[in-house]
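Participant: Contents of final.pdb (PDB, C-alpha atoms and all ligand atoms) are given next:
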```pdb
ATOM      1  CA  MET A 812     -36.543  54.598 127.028
ATOM      2  CA  THR A 813     -36.364  52.870 123.670
ATOM      3  CA  LYS A 814     -33.070  52.813 121.792
ATOM      4  CA  ARG A 815     -34.482  54.921 118.940
ATOM      5  CA  LEU A 816     -35.690  57.617 121.321
ATOM      6  CA  LEU A 817     -32.358  57.582 123.082
ATOM      7  CA  LEU A 818     -30.537  58.261 119.827
ATOM      8  CA  ILE A 819     -32.861  61.139 118.993
ATOM      9  CA  VAL A 820     -32.351  62.669 122.438
ATOM     10  CA  LEU A 821     -28.648  62.235 121.981
ATOM     11  CA  ILE A 822     -28.580  64.014 118.642
ATOM     12  CA  LEU A 823     -30.747  66.861 119.945
ATOM     13  CA  SER A 824     -28.578  67.394 122.983
ATOM     14  CA  ALA A 825     -25.211  66.930 121.288
ATOM     15  CA  GLY A 826     -24.740  70.650 120.750
ATOM     16  CA  CYS A 827     -25.305  71.744 124.330
ATOM     17  CA  THR A 828     -23.259  69.382 126.425
ATOM     18  CA  SER A 829     -21.527  70.650 129.531
ATOM     19  CA  GLY A 830     -18.620  69.343 131.573
ATOM     20  CA  PRO A 831     -14.964  69.179 130.661
ATOM     21  CA  GLN A 832     -14.294  67.912 127.155
ATOM     22  CA  PRO A 833     -11.013  66.063 126.723
ATOM     23  CA  GLU A 834      -9.746  68.366 123.941
ATOM     24  CA  ALA A 835     -10.357  71.450 126.064
ATOM     25  CA  THR A 836      -8.301  70.114 128.982
ATOM     26  CA  GLY A 837      -5.551  68.528 126.879
ATOM     27  CA  ARG A 838      -6.129  65.291 128.755
ATOM     28  CA  ILE A 839      -6.866  61.860 127.327
ATOM     29  CA  GLY A 840     -10.570  61.009 127.573
ATOM     30  CA  VAL A 841     -10.916  57.451 128.889
ATOM     31  CA  ILE A 842     -14.197  55.602 129.404
ATOM     32  CA  VAL A 843     -14.546  52.627 131.747
ATOM     33  CA  SER A 844     -17.529  50.474 132.624
ATOM     34  CA  ILE A 845     -17.130  50.110 136.421
ATOM     35  CA  LEU A 846     -15.667  52.145 139.304
ATOM     36  CA  PRO A 847     -12.687  49.888 140.179
ATOM     37  CA  GLN A 848     -11.499  50.338 136.574
ATOM     38  CA  ALA A 849     -11.650  54.115 137.033
ATOM     39  CA  GLU A 850      -9.282  53.688 139.973
ATOM     40  CA  PHE A 851      -6.912  51.575 137.833
ATOM     41  CA  VAL A 852      -6.902  54.084 134.946
ATOM     42  CA  GLU A 853      -6.336  57.042 137.272
ATOM     43  CA  LYS A 854      -3.502  55.242 139.082
ATOM     44  CA  VAL A 855      -1.692  54.684 135.766
ATOM     45  CA  GLY A 856      -2.806  57.788 133.869
ATOM     46  CA  GLY A 857      -2.491  60.299 136.730
ATOM     47  CA  ASP A 858      -3.210  63.868 135.658
ATOM     48  CA  ARG A 859      -2.945  63.033 131.948
ATOM     49  CA  VAL A 860      -6.333  61.304 131.837
ATOM     50  CA  ILE A 861      -9.935  62.265 132.423
ATOM     51  CA  VAL A 862     -12.048  59.219 133.270
ATOM     52  CA  THR A 863     -15.786  58.700 132.780
ATOM     53  CA  VAL A 864     -17.505  55.727 134.444
ATOM     54  CA  MET A 865     -20.503  54.287 132.623
ATOM     55  CA  ILE A 866     -22.072  52.360 135.534
ATOM     56  CA  PRO A 867     -22.559  54.849 138.384
ATOM     57  CA  PRO A 868     -22.239  54.076 142.127
ATOM     58  CA  GLY A 869     -25.127  51.929 143.341
ATOM     59  CA  ALA A 870     -26.123  50.684 139.858
ATOM     60  CA  SER A 871     -25.717  47.061 138.780
ATOM     61  CA  PRO A 872     -23.427  46.125 135.858
ATOM     62  CA  HIS A 873     -25.923  43.344 135.171
ATOM     63  CA  SER A 874     -28.770  45.663 134.263
ATOM     64  CA  TYR A 875     -27.591  49.266 133.817
ATOM     65  CA  GLU A 876     -28.376  51.239 130.637
ATOM     66  CA  PRO A 877     -26.353  54.382 129.880
ATOM     67  CA  ALA A 878     -27.846  57.876 130.024
ATOM     68  CA  PRO A 879     -27.676  60.154 126.940
ATOM     69  CA  ASP A 880     -25.050  62.480 128.467
ATOM     70  CA  GLN A 881     -22.792  59.479 129.103
ATOM     71  CA  LEU A 882     -22.965  58.557 125.431
ATOM     72  CA  ILE A 883     -21.851  62.087 124.571
ATOM     73  CA  GLN A 884     -18.725  61.509 126.685
ATOM     74  CA  VAL A 885     -18.141  58.397 124.569
ATOM     75  CA  SER A 886     -18.245  60.420 121.370
ATOM     76  CA  THR A 887     -15.220  62.499 122.436
ATOM     77  CA  ALA A 888     -13.140  59.835 124.230
ATOM     78  CA  SER A 889      -9.840  58.398 122.967
ATOM     79  CA  LEU A 890      -9.980  55.054 124.769
ATOM     80  CA  TYR A 891     -12.600  52.656 126.121
ATOM     81  CA  CYS A 892     -11.398  50.119 128.683
ATOM     82  CA  ALA A 893     -13.916  47.271 128.620
ATOM     83  CA  VAL A 894     -13.963  44.807 131.517
ATOM     84  CA  GLY A 895     -14.222  42.196 128.757
ATOM     85  CA  SER A 896     -15.385  39.300 130.928
ATOM     86  CA  GLY A 897     -18.992  39.229 129.780
ATOM     87  CA  ILE A 898     -20.796  41.728 132.024
ATOM     88  CA  GLU A 899     -24.294  42.288 130.710
ATOM     89  CA  PHE A 900     -23.796  46.043 130.322
ATOM     90  CA  GLU A 901     -20.984  45.488 127.808
ATOM     91  CA  LEU A 902     -22.699  42.568 126.061
ATOM     92  CA  GLY A 903     -25.710  44.809 125.460
ATOM     93  CA  TRP A 904     -24.028  48.137 124.725
ATOM     94  CA  MET A 905     -20.451  47.754 123.441
ATOM     95  CA  ASP A 906     -21.393  47.506 119.759
ATOM     96  CA  ARG A 907     -23.461  50.681 119.955
ATOM     97  CA  ILE A 908     -20.792  52.454 122.009
ATOM     98  CA  ILE A 909     -18.119  51.548 119.453
ATOM     99  CA  SER A 910     -20.326  52.671 116.550
ATOM    100  CA  MET A 911     -20.675  56.118 118.147
ATOM    101  CA  ASN A 912     -16.956  56.820 118.034
ATOM    102  CA  ARG A 913     -15.004  54.895 115.428
ATOM    103  CA  ASP A 914     -11.788  56.736 116.332
ATOM    104  CA  MET A 915     -11.882  55.505 119.915
ATOM    105  CA  ALA A 916      -9.450  52.695 120.791
ATOM    106  CA  VAL A 917     -11.054  49.830 122.708
ATOM    107  CA  ILE A 918      -9.143  47.471 124.969
ATOM    108  CA  ASP A 919     -10.175  44.303 126.795
ATOM    109  CA  CYS A 920      -8.978  44.521 130.407
ATOM    110  CA  SER A 921      -9.502  40.763 130.889
ATOM    111  CA  LYS A 922      -7.035  39.792 128.147
ATOM    112  CA  GLY A 923      -4.723  37.204 129.726
ATOM    113  CA  ILE A 924      -7.075  36.326 132.610
ATOM    114  CA  GLU A 925      -8.422  32.790 132.731
ATOM    115  CA  LEU A 926     -12.180  33.324 132.940
ATOM    116  CA  ILE A 927     -14.357  31.112 135.127
ATOM    117  CA  SER A 928     -17.022  29.370 133.094
ATOM    118  CA  ARG A 929     -20.538  29.524 134.504
ATOM    119  CA  ASP A 930     -20.908  25.908 133.395
ATOM    120  CA  HIS A 931     -18.909  24.944 136.481
ATOM    121  CA  ASP A 932     -21.951  25.835 138.554
ATOM    122  CA  GLY A 933     -23.922  23.207 136.662
ATOM    123  CA  ASP A 934     -26.111  25.570 134.680
ATOM    124  CA  ASP A 935     -26.357  25.123 130.945
ATOM    125  CA  HIS A 936     -26.650  28.762 129.910
ATOM    126  CA  GLY A 937     -22.937  29.031 129.268
ATOM    127  CA  GLY A 938     -21.121  32.338 129.535
ATOM    128  CA  THR A 939     -18.466  33.379 132.016
ATOM    129  CA  ASN A 940     -18.408  34.729 135.538
ATOM    130  CA  PRO A 941     -17.796  38.435 134.842
ATOM    131  CA  HIS A 942     -16.437  39.531 138.269
ATOM    132  CA  VAL A 943     -12.755  39.267 137.254
ATOM    133  CA  TRP A 944     -11.523  42.404 139.007
ATOM    134  CA  LEU A 945     -12.036  40.976 142.513
ATOM    135  CA  SER A 946      -8.677  39.241 142.807
ATOM    136  CA  PRO A 947      -5.560  41.432 143.168
ATOM    137  CA  ARG A 948      -3.631  39.310 140.671
ATOM    138  CA  ASN A 949      -6.348  39.760 138.075
ATOM    139  CA  ALA A 950      -6.371  43.478 138.888
ATOM    140  CA  ALA A 951      -2.630  43.549 138.085
ATOM    141  CA  ILE A 952      -3.327  42.028 134.652
ATOM    142  CA  MET A 953      -6.077  44.603 134.066
ATOM    143  CA  VAL A 954      -3.685  47.416 135.041
ATOM    144  CA  GLU A 955      -1.112  46.050 132.590
ATOM    145  CA  ASN A 956      -3.733  46.016 129.811
ATOM    146  CA  ILE A 957      -4.815  49.563 130.682
ATOM    147  CA  PHE A 958      -1.180  50.665 130.572
ATOM    148  CA  GLN A 959      -0.809  49.183 127.069
ATOM    149  CA  GLY A 960      -3.972  50.988 125.971
ATOM    150  CA  LEU A 961      -2.811  54.357 127.330
ATOM    151  CA  VAL A 962       0.602  54.028 125.712
ATOM    152  CA  ALA A 963      -1.025  53.179 122.383
ATOM    153  CA  VAL A 964      -3.110  56.382 122.372
ATOM    154  CA  ASP A 965      -0.488  58.600 124.072
ATOM    155  CA  PRO A 966       2.991  57.184 123.327
ATOM    156  CA  ASP A 967       4.767  60.398 124.403
ATOM    157  CA  SER A 968       3.802  59.749 128.029
ATOM    158  CA  VAL A 969       5.185  56.206 128.179
ATOM    159  CA  ASP A 970       7.749  56.989 130.905
ATOM    160  CA  TYR A 971       5.172  58.665 133.116
ATOM    161  CA  TYR A 972       2.693  55.800 132.677
ATOM    162  CA  THR A 973       5.389  53.195 133.307
ATOM    163  CA  GLU A 974       6.441  54.790 136.583
ATOM    164  CA  ASN A 975       2.838  55.077 137.800
ATOM    165  CA  LYS A 976       2.017  51.545 136.747
ATOM    166  CA  GLU A 977       5.015  50.046 138.561
ATOM    167  CA  ARG A 978       4.071  51.880 141.745
ATOM    168  CA  TYR A 979       0.481  50.637 141.627
ATOM    169  CA  LEU A 980       1.443  47.049 140.754
ATOM    170  CA  GLN A 981       3.583  47.115 143.892
ATOM    171  CA  GLU A 982       0.526  48.167 145.918
ATOM    172  CA  LEU A 983      -1.518  45.332 144.410
ATOM    173  CA  GLU A 984       1.206  42.821 145.209
ATOM    174  CA  THR A 985       1.344  43.999 148.813
ATOM    175  CA  LEU A 986      -2.440  43.685 149.001
ATOM    176  CA  ASP A 987      -2.260  40.119 147.688
ATOM    177  CA  HIS A 988       0.360  39.190 150.306
ATOM    178  CA  ARG A 989      -1.596  40.811 153.126
ATOM    179  CA  ILE A 990      -4.772  38.910 152.199
ATOM    180  CA  ARG A 991      -2.903  35.612 151.725
ATOM    181  CA  GLU A 992      -1.262  35.915 155.145
ATOM    182  CA  ALA A 993      -4.397  37.043 156.926
ATOM    183  CA  LEU A 994      -6.944  34.489 155.695
ATOM    184  CA  PRO A 995      -7.151  31.689 158.276
ATOM    185  CA  ALA A 996      -6.774  28.083 157.078
ATOM    186  CA  SER A 997     -10.027  27.267 158.863
ATOM    187  CA  LEU A 998     -11.960  29.432 156.392
ATOM    188  CA  THR A 999     -13.012  27.266 153.442
ATOM    189  CA  LYS A1000     -16.565  28.232 152.392
ATOM    190  CA  LEU A1001     -18.432  31.502 151.954
ATOM    191  CA  ILE A1002     -22.181  31.835 151.487
ATOM    192  CA  VAL A1003     -22.857  34.898 149.342
ATOM    193  CA  TYR A1004     -26.079  36.220 147.880
ATOM    194  CA  HIS A1005     -24.692  37.185 144.461
ATOM    195  CA  PRO A1006     -21.715  35.211 143.067
ATOM    196  CA  SER A1007     -19.311  38.163 142.913
ATOM    197  CA  TRP A1008     -16.388  36.529 144.687
ATOM    198  CA  GLY A1009     -15.561  33.565 142.414
ATOM    199  CA  TYR A1010     -12.161  34.949 141.349
ATOM    200  CA  PHE A1011     -11.288  35.969 144.891
ATOM    201  CA  CYS A1012     -12.198  32.469 146.100
ATOM    202  CA  ARG A1013     -10.240  30.765 143.313
ATOM    203  CA  GLU A1014      -7.184  32.846 144.175
ATOM    204  CA  TYR A1015      -7.271  32.046 147.879
ATOM    205  CA  GLY A1016      -8.538  28.462 147.820
ATOM    206  CA  LEU A1017     -12.062  29.149 149.065
ATOM    207  CA  GLU A1018     -15.416  27.864 147.871
ATOM    208  CA  GLU A1019     -18.136  30.372 147.025
ATOM    209  CA  ILE A1020     -21.710  29.188 147.607
ATOM    210  CA  PRO A1021     -24.162  31.598 145.953
ATOM    211  CA  ILE A1022     -27.799  31.951 147.017
ATOM    212  CA  GLU A1023     -28.861  33.629 143.785
ATOM    213  CA  LYS A1024     -28.903  31.488 140.639
ATOM    214  CA  GLU A1025     -28.562  33.077 137.189
ATOM    215  CA  GLY A1026     -29.607  36.455 138.538
ATOM    216  CA  LYS A1027     -32.830  35.035 140.010
ATOM    217  CA  ASP A1028     -33.965  34.838 143.613
ATOM    218  CA  PRO A1029     -33.760  31.321 145.110
ATOM    219  CA  THR A1030     -36.767  29.010 145.361
ATOM    220  CA  PRO A1031     -37.991  27.936 148.841
ATOM    221  CA  GLN A1032     -36.271  24.576 148.191
ATOM    222  CA  ASP A1033     -32.977  26.338 147.425
ATOM    223  CA  ILE A1034     -33.294  28.289 150.681
ATOM    224  CA  ALA A1035     -34.043  25.139 152.683
ATOM    225  CA  ARG A1036     -31.008  23.412 151.163
ATOM    226  CA  LEU A1037     -28.746  26.373 152.001
ATOM    227  CA  ILE A1038     -30.017  26.466 155.579
ATOM    228  CA  ASP A1039     -29.137  22.758 155.964
ATOM    229  CA  LEU A1040     -25.716  23.346 154.453
ATOM    230  CA  ALA A1041     -24.988  26.355 156.675
ATOM    231  CA  ARG A1042     -25.951  24.387 159.802
ATOM    232  CA  LYS A1043     -23.837  21.405 158.768
ATOM    233  CA  GLU A1044     -20.798  23.589 157.983
ATOM    234  CA  HIS A1045     -21.329  25.894 160.983
ATOM    235  CA  ILE A1046     -21.585  28.929 158.707
ATOM    236  CA  THR A1047     -23.223  31.899 160.426
ATOM    237  CA  VAL A1048     -22.543  34.798 158.048
ATOM    238  CA  ILE A1049     -24.224  35.498 154.705
ATOM    239  CA  PHE A1050     -22.485  38.078 152.505
ATOM    240  CA  VAL A1051     -24.474  40.412 150.264
ATOM    241  CA  SER A1052     -23.555  43.242 147.881
ATOM    242  CA  PRO A1053     -25.284  46.607 148.323
ATOM    243  CA  GLN A1054     -26.569  46.431 144.712
ATOM    244  CA  VAL A1055     -28.884  43.452 145.298
ATOM    245  CA  ASN A1056     -32.026  42.373 147.152
ATOM    246  CA  ARG A1057     -30.939  41.194 150.568
ATOM    247  CA  GLN A1058     -34.241  39.717 151.746
ATOM    248  CA  PRO A1059     -33.499  36.023 150.925
ATOM    249  CA  ALA A1060     -30.164  36.394 152.722
ATOM    250  CA  GLU A1061     -31.977  37.794 155.797
ATOM    251  CA  VAL A1062     -34.315  34.764 155.814
ATOM    252  CA  ILE A1063     -31.409  32.320 155.805
ATOM    253  CA  ALA A1064     -29.449  34.311 158.398
ATOM    254  CA  ARG A1065     -32.449  34.321 160.737
ATOM    255  CA  GLU A1066     -32.919  30.558 160.373
ATOM    256  CA  ILE A1067     -29.307  29.763 161.218
ATOM    257  CA  GLY A1068     -29.088  32.359 163.989
ATOM    258  CA  GLY A1069     -26.468  34.225 161.962
ATOM    259  CA  LYS A1070     -26.165  37.637 160.351
ATOM    260  CA  VAL A1071     -25.981  39.384 156.999
ATOM    261  CA  VAL A1072     -22.782  41.302 156.245
ATOM    262  CA  LEU A1073     -22.473  43.824 153.427
ATOM    263  CA  VAL A1074     -19.417  43.630 151.122
ATOM    264  CA  ASP A1075     -19.150  45.850 148.046
ATOM    265  CA  PRO A1076     -17.608  44.441 144.830
ATOM    266  CA  LEU A1077     -17.749  47.824 143.083
ATOM    267  CA  GLU A1078     -16.162  50.368 145.429
ATOM    268  CA  LYS A1079     -13.715  52.690 143.672
ATOM    269  CA  ASN A1080     -11.040  52.599 146.370
ATOM    270  CA  TYR A1081      -9.885  49.164 145.271
ATOM    271  CA  VAL A1082      -6.952  48.291 147.551
ATOM    272  CA  GLU A1083      -8.571  49.498 150.771
ATOM    273  CA  ASN A1084     -11.943  47.979 149.893
ATOM    274  CA  LEU A1085     -10.601  44.549 148.983
ATOM    275  CA  PHE A1086      -8.701  44.258 152.244
ATOM    276  CA  LYS A1087     -11.807  45.375 154.128
ATOM    277  CA  VAL A1088     -13.791  42.621 152.364
ATOM    278  CA  ALA A1089     -11.107  40.022 153.174
ATOM    279  CA  GLN A1090     -11.306  41.072 156.832
ATOM    280  CA  ALA A1091     -15.096  40.649 156.760
ATOM    281  CA  PHE A1092     -14.598  37.123 155.359
ATOM    282  CA  MET A1093     -12.098  36.350 158.134
ATOM    283  CA  GLU A1094     -14.582  37.148 160.856
ATOM    284  CA  VAL A1095     -16.817  34.261 159.795
TER
HETATM  285 ZN    ZN A1101     -22.317  40.887 139.741
END
```
Take the structure in this file and express it as structure tokens.
Ligand SMILES: [Zn+2]

Facilitator:
Amino acid sequence: MTKRLLLIVLILSAGCTSGPQPEATGRIGVIVSILPQAEFVEKVGGDRVIVTVMIPPGASPHSYEPAPDQLIQVSTASLYCAVGSGIEFELGWMDRIISMNRDMAVIDCSKGIELISRDHDGDDHGGTNPHVWLSPRNAAIMVENIFQGLVAVDPDSVDYYTENKERYLQELETLDHRIREALPASLTKLIVYHPSWGYFCREYGLEEIPIEKEGKDPTPQDIARLIDLARKEHITVIFVSPQVNRQPAEVIAREIGGKVVLVDPLEKNYVENLFKVAQAFMEV
């Protein structure tokens, strides 16, 4: 759908929207881009917030375009929590989203996180690795930023938000300790299809080796090189996200007599999911 058509559809349907509107429930309407952020906002905001996620389960933050009814949610929200680390969805849509609701506060959840430059991978397109939320310490910074945003739009609830935030930060700290203690020293390299785990790897001293380059499938030469590397390093597991094409990973796994294991960077249940992923990494 073209942008112009989308706007027309939006205007035509603005009068007949359904679903709970924030004013009607007395709750603060908060918009987030990805599911783990919805978890963070709900953990801090509790029953005082009503959260809308722009990128639905199964969709990719690298290519998703919002539906008209989602943009209507934007027009009545009080706060937008952007991931802020350069995900394509926000690069392409944030300006338009902001222009639809000038009263909405917008916060950058990545404020205070040291972003990983994509230049480190040797490509010259610049930009940053957007997958910041996948380290528990980064998640704690995001939760702190979300807390600040909620207090700014709803200062009366500061005590409630503070109590919730402290409880969740404790959970994130426990998660960090559990992962740190569980990861074996022998684990040093992970082959992944899509480079989602750069922040996780930086946090825990691992090296992420992505198959995909700049969102593109690998060339036959790339695949041959990865097969050599996997054999040399005795790597037998290739990790893929459910949102991407897993065929190149299957080819490599077959060649090295290994297997493909699914790990999801976008599951809502953050604490449980991240430990599950860490366990999958440990079984390499
Ligand atoms: Zn990604």

Participant: Choose the residue, out of A:Ala1089, A:Ala1041, A:Val841, A:Ile861, that has the smallest atom-to-atom separation from Leu1017 (chain A); count all atoms listed in the file.

Facilitator: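 Under the stated criterion, the closest residue is A:Ala1089.
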
Participant: Write as a PyMOL selection string the residues around ligand ZN 1101 (chain A), taking 12 Å as the cut-off and counting all atoms listed in the file.

Facilitator: chain A and resi 845+869-875+896-900+939-945+1003-1010+1021+1023-1026+1051-1055+1075-1077

Participant: One decimal, Å: what's the distance from CA of Lys854 (chain A) over to CA of Met953 (chain A), could you say?

Facilitator: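 For CA of Lys854 (chain A) relative to CA of Met953 (chain A), the distance reads 12.0 Å.
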
Participant: Take CA of Gly895 (chain A) and CA of Ile908 (chain A) and report the distance between them in Å, one decimal.

Facilitator: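 Value for the CA of Gly895 (chain A)-CA of Ile908 (chain A) distance: 13.9 Å.
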
Participant: With distances taken over all atoms listed in the file, which of A:Glu853, A:Leu980, A:Arg1013, A:His1045 is nearest to Leu926 (chain A)?

Facilitator: A:Arg1013

Participant: A:Ala993, A:Ile839, A:Val1095, A:Ile927: which is nearest Gly1069 (chain A), counting only C-alpha atoms?

Facilitator: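 Of all the options, A:Val1095 lies closest to Gly1069 (chain A).
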
Participant: Which residue is closest to Gly960 (chain A)? Choose from A:Ser889, A:Gly938, A:Thr999, A:Asp987 and count all atoms listed in the file.

Facilitator: A:Ser889

Participant: Pick out the residues sitting within 12 Å of Arg1042 (chain A), and hand them over as a list in words; count only C-alpha atoms, and ignore anything fewer than 6 positions along from it in its own chain.

Facilitator: Ile1002, Ala1035, Arg1036, Val1048, Ile1063, Ala1064, Arg1065, Glu1066, Ile1067, Gly1068 and Gly1069 of chain A

Participant: How many Å lie between CA of Glu982 (chain A) and CA of Pro947 (chain A), rounded to one decimal?

Facilitator: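 CA of Glu982 (chain A) sits 9.5 Å away from CA of Pro947 (chain A).
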
Participant: Which of these, A:Ser928, A:Val852, A:Val1074, A:Thr887, has the shortest distance to Asp914 (chain A) once you count all atoms listed in the file?

Facilitator: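 Of A:Ser928, A:Val852, A:Val1074, A:Thr887, the one nearest Asp914 (chain A), counting all atoms listed in the file, is A:Thr887.
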
Participant: Decode the PyMOL selection byres (((chain A and resi 851) around 10) and not hetatm) for the given file into explicit residues and return them as a PyMOL selection string.

Facilitator: chain A and resi 843+846-850+852-857+950-951+953-955+957-958+976+979-980+1079-1081

Participant: Can you work out which one of A:Leu1001, A:Met1093, A:Ala878, A:Ala1060 has the shortest atom-to-atom distance to Ile866 (chain A), counting all atoms listed in the file?

Facilitator: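 Of the candidates, the smallest distance to Ile866 (chain A) is held by A:Ala878.
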
Participant: Name the residues, using the chain letters and numbers of the file, that sit within 10 Å of (-1.1, 56.0, 126.7) when counting only C-alpha atoms, and give them as a list in words.

Facilitator: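 Selection result: Ile839, Val855, Gly856, Arg859, Val860, Ser889, Leu890, Ile957, Phe958, Gln959, Gly960, Leu961, Val962, Ala963, Val964, Asp965, Pro966, Asp967, Ser968, Val969, Asp970, Tyr971, Tyr972 and Thr973 of chain A.
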
Participant: Tell me, as a ChimeraX atom specification, which residues lie within 8 Å of Ile952 (chain A), counting all atoms listed in the file; anything in the same chain fewer than 5 positions away does not count.

Facilitator: /A:920-924

Participant: Which neighbours of Phe1086 (chain A) fall inside 8 Å, counting only C-alpha atoms, when residues of the same chain fewer than 2 positions from it are skipped, and could you give them as a PDB file with C-alpha atoms, in the frame of the given file?

Facilitator:
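What follows is the written file part37.pdb:
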```pdb
ATOM      1  CA  LEU A 986      -2.440  43.685 149.001  1.00  0.00           C
ATOM      2  CA  ARG A 989      -1.596  40.811 153.126  1.00  0.00           C
ATOM      3  CA  ILE A 990      -4.772  38.910 152.199  1.00  0.00           C
ATOM      4  CA  VAL A1082      -6.952  48.291 147.551  1.00  0.00           C
ATOM      5  CA  GLU A1083      -8.571  49.498 150.771  1.00  0.00           C
ATOM      6  CA  ASN A1084     -11.943  47.979 149.893  1.00  0.00           C
ATOM      7  CA  VAL A1088     -13.791  42.621 152.364  1.00  0.00           C
ATOM      8  CA  ALA A1089     -11.107  40.022 153.174  1.00  0.00           C
ATOM      9  CA  GLN A1090     -11.306  41.072 156.832  1.00  0.00           C
TER      10      GLN A1090
END
```

Participant: Taking (-23.6, 60.1, 125.1) in the file's own coordinates, collect the residues within 9 Å, counting only C-alpha atoms, and hand them back as a ChimeraX atom specification.

Facilitator: /A:818,821,825,877-886,908,911
